[in-house]
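Asker: To be precise about what I am sending: the file is called start32.tsv and holds TSV, C-alpha atoms.
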```
chain	number	residue	atom	x	y	z
A	1	MET	CA	-57.82	-9.83	35.44
A	2	THR	CA	-58.21	-13.45	34.32
A	3	THR	CA	-54.72	-14.46	33.26
A	4	ALA	CA	-52.24	-17.20	34.11
A	5	GLY	CA	-51.01	-16.78	37.66
A	6	THR	CA	-54.26	-15.27	38.90
A	7	THR	CA	-55.69	-17.15	41.88
A	8	VAL	CA	-59.48	-17.34	42.19
A	9	LEU	CA	-61.38	-18.63	45.23
A	10	ILE	CA	-64.89	-19.89	44.44
A	11	THR	CA	-67.50	-20.90	47.01
A	12	GLY	CA	-70.08	-23.52	46.15
A	13	ALA	CA	-67.63	-24.83	43.56
A	14	SER	CA	-68.64	-28.50	43.51
A	15	ALA	CA	-71.63	-28.08	41.16
A	16	GLY	CA	-73.84	-25.67	39.24
A	17	LEU	CA	-72.68	-22.11	38.68
A	18	GLY	CA	-69.72	-22.58	41.01
A	19	ALA	CA	-68.36	-25.46	38.93
A	20	ALA	CA	-69.05	-23.46	35.75
A	21	PHE	CA	-67.07	-20.52	37.15
A	22	ALA	CA	-64.25	-22.93	37.95
A	23	ARG	CA	-64.21	-24.16	34.35
A	24	GLY	CA	-64.39	-20.62	32.98
A	25	PHE	CA	-61.43	-19.41	35.03
A	26	ALA	CA	-59.46	-22.62	34.43
A	27	ALA	CA	-59.84	-22.14	30.68
A	28	LYS	CA	-58.13	-18.75	31.08
A	29	GLY	CA	-55.17	-20.25	32.93
A	30	CYS	CA	-56.12	-19.17	36.46
A	31	ASP	CA	-55.23	-21.15	39.57
A	32	LEU	CA	-58.19	-22.07	41.76
A	33	VAL	CA	-59.16	-22.51	45.38
A	34	LEU	CA	-62.37	-24.55	45.41
A	35	VAL	CA	-64.68	-24.35	48.42
A	36	ALA	CA	-67.75	-26.50	49.15
A	37	ARG	CA	-69.02	-28.97	51.74
A	38	ASP	CA	-68.58	-32.13	49.67
A	39	LYS	CA	-64.88	-33.03	49.61
A	40	ASP	CA	-65.30	-35.90	47.16
A	41	ARG	CA	-67.14	-33.77	44.61
A	42	LEU	CA	-64.62	-30.97	45.01
A	43	GLU	CA	-61.74	-33.36	44.38
A	44	ALA	CA	-63.53	-34.73	41.30
A	45	VAL	CA	-63.96	-31.20	39.92
A	46	ALA	CA	-60.30	-30.40	40.67
A	47	ALA	CA	-59.09	-33.58	38.99
A	48	GLN	CA	-61.14	-32.93	35.86
A	49	LEU	CA	-59.89	-29.34	35.59
A	50	GLY	CA	-56.34	-30.55	36.03
A	51	ARG	CA	-56.74	-33.04	33.21
A	52	GLU	CA	-58.46	-30.63	30.83
A	53	TYR	CA	-56.57	-27.40	31.52
A	54	GLY	CA	-53.56	-28.28	33.66
A	55	THR	CA	-55.07	-26.11	36.38
A	56	GLU	CA	-53.58	-25.91	39.86
A	57	CYS	CA	-56.55	-26.51	42.17
A	58	GLU	CA	-56.49	-26.22	45.95
A	59	VAL	CA	-59.41	-28.07	47.51
A	60	LEU	CA	-60.79	-26.46	50.67
A	61	PRO	CA	-63.78	-28.41	52.04
A	62	ALA	CA	-65.90	-26.20	54.27
A	63	ASP	CA	-69.45	-25.81	55.50
A	64	LEU	CA	-69.74	-22.03	55.40
A	65	LEU	CA	-72.57	-22.12	57.94
A	66	ASP	CA	-70.14	-23.59	60.45
A	67	ALA	CA	-68.31	-20.79	62.26
A	68	GLY	CA	-64.99	-22.61	62.32
A	69	ASP	CA	-65.11	-23.59	58.65
A	70	CYS	CA	-66.10	-20.09	57.58
A	71	ALA	CA	-63.24	-18.65	59.64
A	72	ALA	CA	-60.81	-21.04	57.91
A	73	VAL	CA	-61.93	-19.81	54.47
A	74	ALA	CA	-61.66	-16.18	55.61
A	75	GLU	CA	-58.15	-16.91	56.90
A	76	ARG	CA	-57.19	-18.38	53.53
A	77	LEU	CA	-58.47	-15.26	51.77
A	78	ALA	CA	-56.46	-13.03	54.10
A	79	ASP	CA	-53.21	-15.00	53.75
A	80	ARG	CA	-50.70	-12.54	52.26
A	81	SER	CA	-48.18	-15.35	51.61
A	82	ARG	CA	-50.65	-17.07	49.25
A	83	PRO	CA	-52.61	-14.17	47.78
A	84	VAL	CA	-56.08	-14.66	46.35
A	85	ASP	CA	-56.70	-12.24	43.47
A	86	MET	CA	-60.39	-12.85	42.93
A	87	LEU	CA	-63.28	-14.03	45.11
A	88	VAL	CA	-66.49	-15.52	43.73
A	89	ASN	CA	-69.23	-15.58	46.39
A	90	ASN	CA	-71.52	-18.20	44.88
A	91	ALA	CA	-72.63	-20.59	47.65
A	92	GLY	CA	-76.32	-20.53	48.44
A	93	PHE	CA	-79.63	-22.35	48.64
A	94	GLY	CA	-83.34	-21.61	48.43
A	95	LEU	CA	-86.48	-22.76	50.23
A	96	PRO	CA	-89.60	-24.27	48.62
A	97	ALA	CA	-92.20	-22.36	50.66
A	98	PRO	CA	-92.68	-18.59	51.09
A	99	PHE	CA	-92.09	-16.90	54.42
A	100	PRO	CA	-93.50	-17.60	57.04
A	101	HIS	CA	-94.36	-21.14	55.89
A	102	SER	CA	-90.75	-22.29	56.24
A	103	PRO	CA	-89.19	-23.03	59.64
A	104	VAL	CA	-87.57	-19.88	60.96
A	105	GLU	CA	-84.35	-21.83	61.54
A	106	ASP	CA	-84.17	-22.57	57.79
A	107	GLU	CA	-84.85	-18.92	57.00
A	108	GLU	CA	-82.02	-17.86	59.29
A	109	ARG	CA	-79.59	-20.38	57.77
A	110	MET	CA	-80.44	-19.15	54.27
A	111	LEU	CA	-79.99	-15.52	55.30
A	112	ASP	CA	-76.63	-16.33	56.90
A	113	LEU	CA	-75.34	-18.07	53.78
A	114	LEU	CA	-76.63	-15.47	51.31
A	115	VAL	CA	-75.73	-12.34	53.31
A	116	LYS	CA	-73.44	-12.85	56.31
A	117	VAL	CA	-71.02	-15.27	54.65
A	118	PRO	CA	-70.35	-13.12	51.54
A	119	LEU	CA	-69.99	-10.09	53.82
A	120	ARG	CA	-67.38	-11.82	55.95
A	121	LEU	CA	-65.43	-13.38	53.10
A	122	THR	CA	-65.37	-10.13	51.15
A	123	HIS	CA	-64.15	-8.31	54.23
A	124	ALA	CA	-61.33	-10.86	54.55
A	125	VAL	CA	-60.08	-10.57	50.97
A	126	LEU	CA	-60.30	-6.80	50.48
A	127	PRO	CA	-57.24	-5.65	52.49
A	128	GLY	CA	-54.92	-7.69	50.26
A	129	LEU	CA	-56.65	-6.54	47.08
A	130	ARG	CA	-56.40	-2.89	48.14
A	131	GLU	CA	-52.76	-3.32	49.05
A	132	ARG	CA	-51.92	-4.84	45.67
A	133	ARG	CA	-54.28	-2.42	43.90
A	134	ARG	CA	-55.77	-5.15	41.74
A	135	GLY	CA	-58.26	-7.98	41.88
A	136	ALA	CA	-62.00	-8.50	41.91
A	137	VAL	CA	-65.01	-9.72	43.87
A	138	LEU	CA	-67.91	-11.37	42.03
A	139	ASN	CA	-71.11	-11.78	44.03
A	140	VAL	CA	-73.73	-14.13	42.60
A	141	SER	CA	-77.14	-12.52	43.04
A	142	SER	CA	-80.38	-13.32	41.17
A	143	VAL	CA	-83.15	-11.66	39.17
A	144	ALA	CA	-85.29	-12.67	42.16
A	145	GLY	CA	-83.71	-9.70	43.89
A	146	LEU	CA	-85.21	-7.26	41.39
A	147	LEU	CA	-88.76	-7.80	42.66
A	148	PRO	CA	-90.50	-8.59	45.97
A	149	THR	CA	-89.96	-12.35	45.89
A	150	GLY	CA	-89.74	-13.44	49.51
A	151	THR	CA	-86.75	-13.65	51.80
A	152	TYR	CA	-84.55	-15.24	49.11
A	153	GLY	CA	-85.23	-12.28	46.82
A	154	ALA	CA	-84.65	-9.86	49.69
A	155	ALA	CA	-81.26	-11.42	50.40
A	156	LYS	CA	-80.33	-11.25	46.72
A	157	ALA	CA	-81.44	-7.62	46.55
A	158	TRP	CA	-79.03	-6.98	49.41
A	159	ILE	CA	-76.10	-8.68	47.65
A	160	THR	CA	-76.71	-6.64	44.49
A	161	ALA	CA	-76.90	-3.36	46.42
A	162	PHE	CA	-73.86	-4.34	48.49
A	163	SER	CA	-71.89	-5.08	45.32
A	164	GLU	CA	-72.80	-1.81	43.64
A	165	SER	CA	-71.88	0.19	46.74
A	166	LEU	CA	-68.63	-1.70	47.25
A	167	ARG	CA	-67.71	-1.16	43.61
A	168	VAL	CA	-67.72	2.60	44.20
A	169	ASP	CA	-65.63	2.28	47.37
A	170	MET	CA	-63.03	0.01	45.76
A	171	ALA	CA	-62.66	1.84	42.42
A	172	PRO	CA	-59.84	4.13	43.69
A	173	TYR	CA	-57.82	1.01	44.56
A	174	GLY	CA	-58.21	-0.67	41.16
A	175	VAL	CA	-60.41	-3.42	42.63
A	176	ARG	CA	-63.43	-4.44	40.57
A	177	VAL	CA	-66.74	-5.62	42.02
A	178	LEU	CA	-69.46	-7.27	39.95
A	179	ALA	CA	-72.97	-8.43	40.85
A	180	VAL	CA	-73.84	-11.48	38.73
A	181	VAL	CA	-77.64	-11.54	38.34
A	182	PRO	CA	-78.78	-14.73	36.58
A	183	GLY	CA	-82.30	-15.85	35.83
A	184	PHE	CA	-83.43	-19.48	35.93
A	185	THR	CA	-80.27	-21.51	35.28
A	186	ARG	CA	-79.96	-25.25	34.65
A	187	THR	CA	-78.26	-26.37	37.86
A	188	GLU	CA	-79.14	-28.49	40.91
A	189	PHE	CA	-80.43	-25.41	42.75
A	190	GLN	CA	-84.16	-25.91	42.09
A	191	GLU	CA	-84.10	-29.63	42.85
A	192	ARG	CA	-82.20	-29.13	46.10
A	193	ALA	CA	-84.68	-26.44	47.14
A	194	GLY	CA	-87.64	-28.71	46.39
A	195	MET	CA	-89.05	-26.26	43.85
A	196	ASP	CA	-91.55	-27.35	41.20
A	197	VAL	CA	-90.40	-25.69	37.98
A	198	SER	CA	-92.11	-28.09	35.58
A	199	ALA	CA	-94.37	-25.34	34.23
A	200	LEU	CA	-91.48	-23.17	33.07
A	201	ARG	CA	-90.84	-23.03	29.34
A	202	ASP	CA	-87.47	-23.99	27.91
A	203	ALA	CA	-87.01	-20.42	26.68
A	204	VAL	CA	-86.58	-19.05	30.21
A	205	TRP	CA	-83.68	-21.34	31.10
A	206	LEU	CA	-80.04	-20.31	30.92
A	207	GLU	CA	-77.01	-22.57	30.72
A	208	PRO	CA	-74.46	-21.99	33.50
A	209	GLU	CA	-71.66	-21.62	30.95
A	210	ALA	CA	-73.52	-18.72	29.33
A	211	VAL	CA	-73.92	-16.97	32.70
A	212	VAL	CA	-70.20	-17.33	33.40
A	213	ALA	CA	-69.18	-16.16	29.93
A	214	GLN	CA	-71.33	-13.04	30.28
A	215	ALA	CA	-69.99	-12.38	33.77
A	216	LEU	CA	-66.36	-12.55	32.64
A	217	LYS	CA	-67.16	-10.26	29.71
A	218	ASP	CA	-68.89	-7.74	31.99
A	219	LEU	CA	-66.04	-7.92	34.49
A	220	ALA	CA	-63.56	-7.05	31.75
A	221	LEU	CA	-65.78	-4.14	30.68
A	222	ARG	CA	-65.98	-2.89	34.29
A	223	ARG	CA	-69.76	-3.10	34.39
A	224	PRO	CA	-71.48	-3.07	37.81
A	225	VAL	CA	-74.07	-5.77	37.08
A	226	SER	CA	-74.09	-8.79	34.76
A	227	ILE	CA	-77.41	-10.09	33.41
A	228	THR	CA	-77.38	-12.89	30.84
A	229	GLY	CA	-79.75	-12.99	27.88
A	230	ARG	CA	-81.95	-10.41	26.21
A	231	ARG	CA	-85.06	-11.78	27.91
A	232	TYR	CA	-83.69	-11.15	31.39
A	233	GLN	CA	-82.05	-7.87	30.40
A	234	ALA	CA	-85.43	-6.65	29.15
A	235	TYR	CA	-87.06	-7.97	32.31
A	236	ALA	CA	-84.60	-6.05	34.49
A	237	LEU	CA	-85.23	-2.88	32.52
A	238	ALA	CA	-89.00	-3.27	32.74
A	239	VAL	CA	-89.21	-3.87	36.47
A	240	ARG	CA	-87.34	-0.64	37.17
A	241	HIS	CA	-90.30	1.25	35.69
A	242	LEU	CA	-93.26	-0.80	36.94
A	243	PRO	CA	-95.06	0.40	40.08
A	244	ARG	CA	-93.87	-1.72	43.02
A	245	ALA	CA	-97.40	-2.18	44.41
A	246	PHE	CA	-98.62	-3.51	41.04
A	247	VAL	CA	-95.73	-5.97	40.81
A	248	ALA	CA	-96.27	-7.14	44.39
A	249	ARG	CA	-99.94	-7.93	43.70
A	250	LYS	CA	-99.06	-9.90	40.58
A	251	LEU	CA	-96.45	-11.94	42.40
A	252	ALA	CA	-98.70	-12.57	45.38
A	253	ARG	CA	-101.22	-14.29	43.11
A	254	ARG	CA	-98.54	-16.71	41.96
A	255	ARG	CA	-97.21	-17.55	45.41
A	256	ARG	CA	-99.34	-19.88	47.45
A	257	PRO	CA	-98.64	-21.37	50.88
A	258	PRO	CA	-97.97	-25.13	50.93
A	259	ALA	CA	-100.90	-27.45	51.51
A	260	ASP	CA	-101.64	-28.18	55.15
A	261	PRO	CA	-100.85	-31.89	55.64
A	262	ALA	CA	-103.38	-32.05	58.47
A	263	ALA	CA	-106.21	-30.82	56.24
```
Mind converting the file's structure to C-alpha coordinates?
Answerer:
Amino acid sequence: MTTAGTTVLITGASAGLGAAFARGFAAKGCDLVLVARDKDRLEAVAAQLGREYGTECEVLPADLLDAGDCAAVAERLADRSRPVDMLVNNAGFGLPAPFPHSPVEDEERMLDLLVKVPLRLTHAVLPGLRERRRGAVLNVSSVAGLLPTGTYGAAKAWITAFSESLRVDMAPYGVRVLAVVPGFTRTEFQERAGMDVSALRDAVWLEPEAVVAQALKDLALRRPVSITGRRYQAYALAVRHLPRAFVARKLARRRRPPADPAA
(Lines of atoms letter the chains of each structure in order from A and count residues from 1; the text may use other names and numbers.)
(Lines give C-alpha, C1' and ligand atoms only; values in the text may rest on other atoms or scores of the structure.)
Protein backbone atom coordinates (compact mmCIF):
# COMPACT_ATOMS: atom_id res chain seq x y z
CA MET A 1 0.00 0.00 0.00
CA THR A 2 2.80 2.46 0.78
CA THR A 3 5.56 1.51 -1.64
CA ALA A 4 7.63 3.23 -4.31
CA GLY A 5 5.44 4.21 -7.23
CA THR A 6 2.36 4.77 -5.09
CA THR A 7 0.88 8.24 -5.56
CA VAL A 8 -0.75 9.88 -2.53
CA LEU A 9 -2.82 13.09 -2.62
CA ILE A 10 -2.94 14.93 0.72
CA THR A 11 -5.14 17.93 1.50
CA GLY A 12 -4.01 20.50 4.03
CA ALA A 13 -0.44 19.40 3.29
CA SER A 14 1.40 22.64 4.02
CA ALA A 15 1.55 22.21 7.81
CA GLY A 16 0.52 20.12 10.81
CA LEU A 17 -0.79 16.61 10.28
CA GLY A 18 -0.90 17.09 6.52
CA ALA A 19 2.81 17.86 6.36
CA ALA A 20 3.50 14.95 8.72
CA PHE A 21 1.56 12.61 6.43
CA ALA A 22 3.62 13.92 3.53
CA ARG A 23 6.85 13.11 5.37
CA GLY A 24 5.56 9.68 6.40
CA PHE A 25 4.62 8.69 2.86
CA ALA A 26 7.77 10.24 1.38
CA ALA A 27 9.90 8.14 3.73
CA LYS A 28 8.27 5.04 2.21
CA GLY A 29 9.11 6.10 -1.34
CA CYS A 30 5.65 7.32 -2.38
CA ASP A 31 5.07 10.12 -4.87
CA LEU A 32 2.93 12.98 -3.59
CA VAL A 33 0.32 15.46 -4.73
CA LEU A 34 0.24 18.22 -2.13
CA VAL A 35 -2.87 20.37 -1.78
CA ALA A 36 -3.31 23.53 0.33
CA ARG A 37 -4.11 27.21 -0.09
CA ASP A 38 -0.59 28.55 0.51
CA LYS A 39 1.49 27.93 -2.62
CA ASP A 40 4.74 29.15 -1.07
CA ARG A 41 4.44 26.84 1.94
CA LEU A 42 3.50 23.92 -0.29
CA GLU A 43 6.54 24.49 -2.48
CA ALA A 44 8.75 24.69 0.62
CA VAL A 45 7.39 21.35 1.87
CA ALA A 46 7.87 19.80 -1.58
CA ALA A 47 11.44 21.07 -1.84
CA GLN A 48 12.36 19.73 1.59
CA LEU A 49 10.88 16.31 0.84
CA GLY A 50 12.74 16.23 -2.44
CA ARG A 51 16.02 16.96 -0.70
CA GLU A 52 15.50 14.47 2.12
CA TYR A 53 13.83 11.59 0.29
CA GLY A 54 14.11 12.27 -3.42
CA THR A 55 10.32 12.43 -3.51
CA GLU A 56 8.42 13.46 -6.63
CA CYS A 57 6.00 16.13 -5.38
CA GLU A 58 3.27 17.73 -7.45
CA VAL A 59 2.13 21.02 -5.90
CA LEU A 60 -1.56 21.78 -6.36
CA PRO A 61 -2.53 25.06 -4.65
CA ALA A 62 -6.26 25.16 -3.96
CA ASP A 63 -8.77 26.71 -1.61
CA LEU A 64 -11.11 23.76 -1.15
CA LEU A 65 -13.94 26.09 -0.12
CA ASP A 66 -13.78 27.63 -3.58
CA ALA A 67 -15.98 25.65 -5.97
CA GLY A 68 -13.58 25.96 -8.89
CA ASP A 69 -10.52 24.97 -6.86
CA CYS A 70 -12.30 22.01 -5.30
CA ALA A 71 -13.43 20.87 -8.76
CA ALA A 72 -9.81 21.06 -9.98
CA VAL A 73 -8.65 18.78 -7.15
CA ALA A 74 -11.53 16.36 -7.82
CA GLU A 75 -10.55 16.34 -11.51
CA ARG A 76 -6.96 15.50 -10.58
CA LEU A 77 -8.17 12.61 -8.42
CA ALA A 78 -10.30 11.28 -11.27
CA ASP A 79 -7.55 11.52 -13.90
CA ARG A 80 -7.00 7.94 -15.12
CA SER A 81 -3.85 8.96 -17.02
CA ARG A 82 -2.18 10.03 -13.75
CA PRO A 83 -3.72 7.70 -11.19
CA VAL A 84 -3.85 8.61 -7.51
CA ASP A 85 -3.59 5.49 -5.35
CA MET A 86 -4.35 7.01 -1.97
CA LEU A 87 -6.29 10.04 -0.75
CA VAL A 88 -5.74 11.68 2.64
CA ASN A 89 -8.63 14.01 3.52
CA ASN A 90 -6.94 16.15 6.15
CA ALA A 91 -7.84 19.81 5.50
CA GLY A 92 -9.91 21.45 8.20
CA PHE A 93 -10.28 24.17 10.80
CA GLY A 94 -12.09 24.80 14.07
CA LEU A 95 -13.89 27.71 15.71
CA PRO A 96 -13.14 29.21 19.14
CA ALA A 97 -16.74 29.62 20.32
CA PRO A 98 -19.51 27.01 20.65
CA PHE A 99 -22.58 27.10 18.45
CA PRO A 100 -24.53 29.45 18.21
CA HIS A 101 -21.94 32.00 19.40
CA SER A 102 -20.02 31.81 16.11
CA PRO A 103 -21.27 33.52 12.95
CA VAL A 104 -23.43 31.10 11.01
CA GLU A 105 -21.34 31.79 7.90
CA ASP A 106 -18.25 30.47 9.72
CA GLU A 107 -20.19 27.42 10.87
CA GLU A 108 -21.27 26.71 7.30
CA ARG A 109 -17.72 27.10 5.96
CA MET A 110 -16.41 24.70 8.60
CA LEU A 111 -19.13 22.16 7.83
CA ASP A 112 -18.38 22.41 4.10
CA LEU A 113 -14.66 21.79 4.61
CA LEU A 114 -15.07 18.97 7.14
CA VAL A 115 -17.97 17.15 5.44
CA LYS A 116 -18.79 18.22 1.88
CA VAL A 117 -15.21 18.47 0.62
CA PRO A 118 -14.11 14.99 1.81
CA LEU A 119 -17.36 13.58 0.42
CA ARG A 120 -16.72 15.09 -3.00
CA LEU A 121 -13.02 14.23 -3.19
CA THR A 122 -13.64 10.67 -2.05
CA HIS A 123 -16.36 10.30 -4.66
CA ALA A 124 -13.89 11.49 -7.32
CA VAL A 125 -11.11 9.05 -6.44
CA LEU A 126 -13.14 5.89 -5.83
CA PRO A 127 -13.98 4.89 -9.43
CA GLY A 128 -10.28 4.59 -10.28
CA LEU A 129 -9.50 2.72 -7.07
CA ARG A 130 -12.33 0.25 -7.70
CA GLU A 131 -11.23 -0.24 -11.28
CA ARG A 132 -7.64 -1.00 -10.24
CA ARG A 133 -8.86 -2.97 -7.20
CA ARG A 134 -6.33 -1.34 -4.90
CA GLY A 135 -5.71 1.87 -3.00
CA ALA A 136 -6.94 3.61 0.12
CA VAL A 137 -8.75 6.61 1.56
CA LEU A 138 -7.66 8.04 4.92
CA ASN A 139 -10.08 10.49 6.53
CA VAL A 140 -8.73 12.58 9.41
CA SER A 141 -11.39 12.72 12.11
CA SER A 142 -10.94 13.57 15.82
CA VAL A 143 -11.69 12.25 19.29
CA ALA A 144 -13.99 15.28 19.46
CA GLY A 145 -16.34 13.22 17.32
CA LEU A 146 -16.71 10.58 20.03
CA LEU A 147 -18.69 12.89 22.32
CA PRO A 148 -21.19 15.76 21.99
CA THR A 149 -18.63 18.52 21.41
CA GLY A 150 -20.36 21.09 19.25
CA THR A 151 -20.60 21.34 15.48
CA TYR A 152 -16.91 20.50 15.00
CA GLY A 153 -17.40 17.25 16.93
CA ALA A 154 -20.59 16.55 15.01
CA ALA A 155 -18.77 16.93 11.70
CA LYS A 156 -15.98 14.65 12.89
CA ALA A 157 -18.50 12.08 14.07
CA TRP A 158 -19.88 12.13 10.54
CA ILE A 159 -16.46 11.57 8.93
CA THR A 160 -15.77 8.61 11.23
CA ALA A 161 -19.16 7.03 10.50
CA PHE A 162 -18.76 7.75 6.77
CA SER A 163 -15.34 6.07 6.78
CA GLU A 164 -16.54 2.97 8.59
CA SER A 165 -19.50 2.59 6.24
CA LEU A 166 -17.39 3.19 3.14
CA ARG A 167 -14.85 0.64 4.34
CA VAL A 168 -17.54 -2.05 4.19
CA ASP A 169 -18.67 -0.97 0.72
CA MET A 170 -15.14 -0.89 -0.71
CA ALA A 171 -13.81 -4.11 0.84
CA PRO A 172 -14.93 -6.30 -2.12
CA TYR A 173 -12.82 -4.12 -4.42
CA GLY A 174 -9.63 -4.32 -2.34
CA VAL A 175 -9.85 -0.63 -1.39
CA ARG A 176 -9.05 0.23 2.22
CA VAL A 177 -10.67 3.05 4.19
CA LEU A 178 -9.35 4.31 7.52
CA ALA A 179 -10.68 6.91 9.95
CA VAL A 180 -7.73 8.59 11.69
CA VAL A 181 -8.97 9.79 15.10
CA PRO A 182 -6.29 11.86 16.86
CA GLY A 183 -6.53 13.63 20.19
CA PHE A 184 -4.84 16.96 20.93
CA THR A 185 -1.90 17.13 18.53
CA ARG A 186 0.92 19.68 18.44
CA THR A 187 0.10 21.56 15.24
CA GLU A 188 -1.07 25.06 14.26
CA PHE A 189 -4.72 23.98 14.50
CA GLN A 190 -5.47 25.37 17.97
CA GLU A 191 -3.71 28.68 17.36
CA ARG A 192 -5.47 29.21 14.04
CA ALA A 193 -8.82 28.47 15.69
CA GLY A 194 -8.12 30.95 18.49
CA MET A 195 -8.43 28.25 21.14
CA ASP A 196 -6.97 28.69 24.63
CA VAL A 197 -5.31 25.37 25.44
CA SER A 198 -2.90 26.69 28.07
CA ALA A 199 -4.55 24.64 30.83
CA LEU A 200 -3.91 21.32 29.09
CA ARG A 201 -1.18 19.15 30.56
CA ASP A 202 1.75 18.01 28.44
CA ALA A 203 0.62 14.40 28.87
CA VAL A 204 -2.46 14.91 26.67
CA TRP A 205 -0.51 16.14 23.66
CA LEU A 206 0.45 13.95 20.72
CA GLU A 207 3.19 14.57 18.18
CA PRO A 208 1.97 14.58 14.56
CA GLU A 209 4.62 12.04 13.58
CA ALA A 210 3.22 9.59 16.14
CA VAL A 211 -0.31 10.00 14.75
CA VAL A 212 0.93 9.33 11.21
CA ALA A 213 3.01 6.32 12.26
CA GLN A 214 0.01 4.77 14.03
CA ALA A 215 -2.24 5.50 11.05
CA LEU A 216 0.11 3.80 8.59
CA LYS A 217 0.40 0.81 10.93
CA ASP A 218 -3.38 0.55 11.28
CA LEU A 219 -3.83 0.92 7.53
CA ALA A 220 -1.48 -2.00 6.94
CA LEU A 221 -3.41 -4.06 9.51
CA ARG A 222 -6.72 -3.20 7.80
CA ARG A 223 -8.18 -1.64 10.93
CA PRO A 224 -11.24 0.62 10.54
CA VAL A 225 -10.15 3.33 13.00
CA SER A 226 -6.74 4.59 14.13
CA ILE A 227 -6.37 6.12 17.60
CA THR A 228 -2.91 7.07 18.83
CA GLY A 229 -1.77 6.52 22.41
CA ARG A 230 -3.09 4.43 25.28
CA ARG A 231 -4.68 7.46 26.93
CA TYR A 232 -6.89 8.19 23.94
CA GLN A 233 -7.53 4.52 23.22
CA ALA A 234 -8.78 4.12 26.79
CA TYR A 235 -10.81 7.31 26.43
CA ALA A 236 -12.47 6.00 23.26
CA LEU A 237 -13.29 2.72 24.98
CA ALA A 238 -14.74 4.47 28.03
CA VAL A 239 -17.01 6.87 26.18
CA ARG A 240 -18.69 3.99 24.37
CA HIS A 241 -20.01 2.80 27.74
CA LEU A 242 -20.83 6.09 29.48
CA PRO A 243 -24.43 7.33 29.37
CA ARG A 244 -24.68 10.04 26.70
CA ALA A 245 -26.79 12.34 28.91
CA PHE A 246 -24.17 12.16 31.69
CA VAL A 247 -21.35 12.99 29.27
CA ALA A 248 -23.31 15.87 27.76
CA ARG A 249 -23.85 17.45 31.19
CA LYS A 250 -20.15 17.17 32.04
CA LEU A 251 -19.11 18.77 28.77
CA ALA A 252 -21.69 21.54 29.05
CA ARG A 253 -20.10 22.67 32.32
CA ARG A 254 -16.76 23.08 30.57
CA ARG A 255 -18.08 24.98 27.56
CA ARG A 256 -18.93 28.59 28.17
CA PRO A 257 -20.10 31.22 25.68
CA PRO A 258 -17.58 33.99 24.92
CA ALA A 259 -17.76 37.16 26.99
CA ASP A 260 -20.11 39.80 25.64
CA PRO A 261 -17.87 42.71 24.54
CA ALA A 262 -20.74 45.13 25.16
CA ALA A 263 -21.11 44.05 28.79
Asker: Within 6 Å of (-85.4, -10.7, 44.1) in the file's own coordinates, which protein, DNA or RNA residues have an atom, counting only C-alpha atoms? List them as a PDB file with C-alpha atoms, in the frame of the given file.
Answerer:
```pdb
ATOM      1  CA  VAL A 143     -83.150 -11.660  39.170  1.00  0.00           C
ATOM      2  CA  ALA A 144     -85.290 -12.670  42.160  1.00  0.00           C
ATOM      3  CA  GLY A 145     -83.710  -9.700  43.890  1.00  0.00           C
ATOM      4  CA  LEU A 146     -85.210  -7.260  41.390  1.00  0.00           C
ATOM      5  CA  LEU A 147     -88.760  -7.800  42.660  1.00  0.00           C
ATOM      6  CA  PRO A 148     -90.500  -8.590  45.970  1.00  0.00           C
ATOM      7  CA  THR A 149     -89.960 -12.350  45.890  1.00  0.00           C
ATOM      8  CA  GLY A 153     -85.230 -12.280  46.820  1.00  0.00           C
ATOM      9  CA  ALA A 154     -84.650  -9.860  49.690  1.00  0.00           C
ATOM     10  CA  LYS A 156     -80.330 -11.250  46.720  1.00  0.00           C
ATOM     11  CA  ALA A 157     -81.440  -7.620  46.550  1.00  0.00           C
TER      12      ALA A 157
END
```
Asker: What does the distance from CA of Pro172 (chain A) to CA of Gly5 (chain A) come to in Å, to one decimal?
Answerer: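 We find that CA of Pro172 (chain A) and CA of Gly5 (chain A) lie 23.5 Å from each other.
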Asker: Using only C-alpha atoms, can you tell me which of A:Thr151, A:Ser141, A:Ile10, A:Gly29 comes closest to Ser102 (chain A)?
Answerer: A:Thr151
Asker: Kindly give the distance, in Å, that separates CA of Glu105 (chain A) and CA of Phe93 (chain A), rounded to a single decimal.
Answerer: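 Value for the CA of Glu105 (chain A)-CA of Phe93 (chain A) distance: 13.7 Å.
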Asker: Looking at only C-alpha atoms, which of A:His123, A:Arg23, A:Arg223, A:Arg231 is the one that sits closest to Gly54 (chain A)?
Answerer: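 Once distances to Gly54 (chain A) are computed over only C-alpha atoms, the minimum belongs to A:Arg23.
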Asker: Find the spatial neighbours of Asn90 (chain A), counting all atoms listed in the file, within a cut-off of 7 Å - ignore same-chain residues fewer than 6 positions away - and output them as an NGL selection string.
Answerer: :A and (10-12 or 18 or 139-140)
Asker: For Gly24 (chain A), which residue among A:Leu42, A:Ala213, A:Ile227, A:Ala236 is the nearest when counting all atoms listed in the file?
Answerer: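 Result for the nearest residue to Gly24 (chain A): A:Ala213.
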Asker: Compile the contact shell of Lys116 (chain A) as a short mmCIF file (atom, residue, chain, number, x, y, z; two decimals) with C-alpha atoms, in the frame of the given file: residues with an atom at most 10 Å away, counting all atoms listed in the file, same-chain residues fewer than 4 positions apart removed.
Answerer:
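Produced file selection_22.cif, reproduced below:
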```cif
data_model
loop_
_atom_site.label_atom_id
_atom_site.label_comp_id
_atom_site.auth_asym_id
_atom_site.auth_seq_id
_atom_site.Cartn_x
_atom_site.Cartn_y
_atom_site.Cartn_z
CA LEU A 64 -69.74 -22.03 55.40
CA LEU A 65 -72.57 -22.12 57.94
CA ARG A 109 -79.59 -20.38 57.77
CA MET A 110 -80.44 -19.15 54.27
CA LEU A 111 -79.99 -15.52 55.30
CA ASP A 112 -76.63 -16.33 56.90
CA ARG A 120 -67.38 -11.82 55.95
CA LEU A 121 -65.43 -13.38 53.10
CA THR A 122 -65.37 -10.13 51.15
CA ALA A 155 -81.26 -11.42 50.40
CA ILE A 159 -76.10 -8.68 47.65
#
```
Asker: Would you kindly return, as a VMD selection string, each protein, DNA or RNA residue with an atom no farther than 12 Å from any atom of Lys28 (chain A), considering all atoms listed in the file and excluding same-chain residues fewer than 2 positions away?
Answerer: chain A and resid 1 to 8 21 to 26 30 to 32 49 52 to 55 213 216
Asker: Any idea what's packed within 12 Å of Arg222 (chain A), counting only C-alpha atoms, ignoring anything in its chain fewer than 2 positions away? Could you give it as a list in words?
Answerer: Met1, Gly135, Ala136, Val137, Leu138, Glu164, Arg167, Val168, Ala171, Gly174, Val175, Arg176, Val177, Leu178, Ala179, Ala215, Leu216, Lys217, Asp218, Leu219, Ala220, Pro224, Val225 and Ser226 of chain A
Asker: From the options A:Leu17, A:Glu107, A:Asp40, A:Val88, which residue's atoms come nearest to Gly183 (chain A), counting only C-alpha atoms?
Answerer: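 Nearest to Gly183 (chain A): A:Leu17.
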Asker: What does the structure give for the distance between CA of Tyr173 (chain A) and CA of Arg130 (chain A), in Å to one decimal?
Answerer: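 Separation of CA of Tyr173 (chain A) and CA of Arg130 (chain A): 5.5 Å.
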Asker: When you look at Asp79 (chain A) with a cut-off of 12 Å (counting all atoms listed in the file), what residues show up, excluding the ones that are within fewer than 6 positions of it in the same chain? I need them as a PyMOL selection string.
Answerer: chain A and resi 72-73+85+124-129
Asker: Between A:Ala71, A:Ala97, A:Ala13, A:Leu87, single out the one closest to Cys57 (chain A), counting only C-alpha atoms.
Answerer: A:Ala13
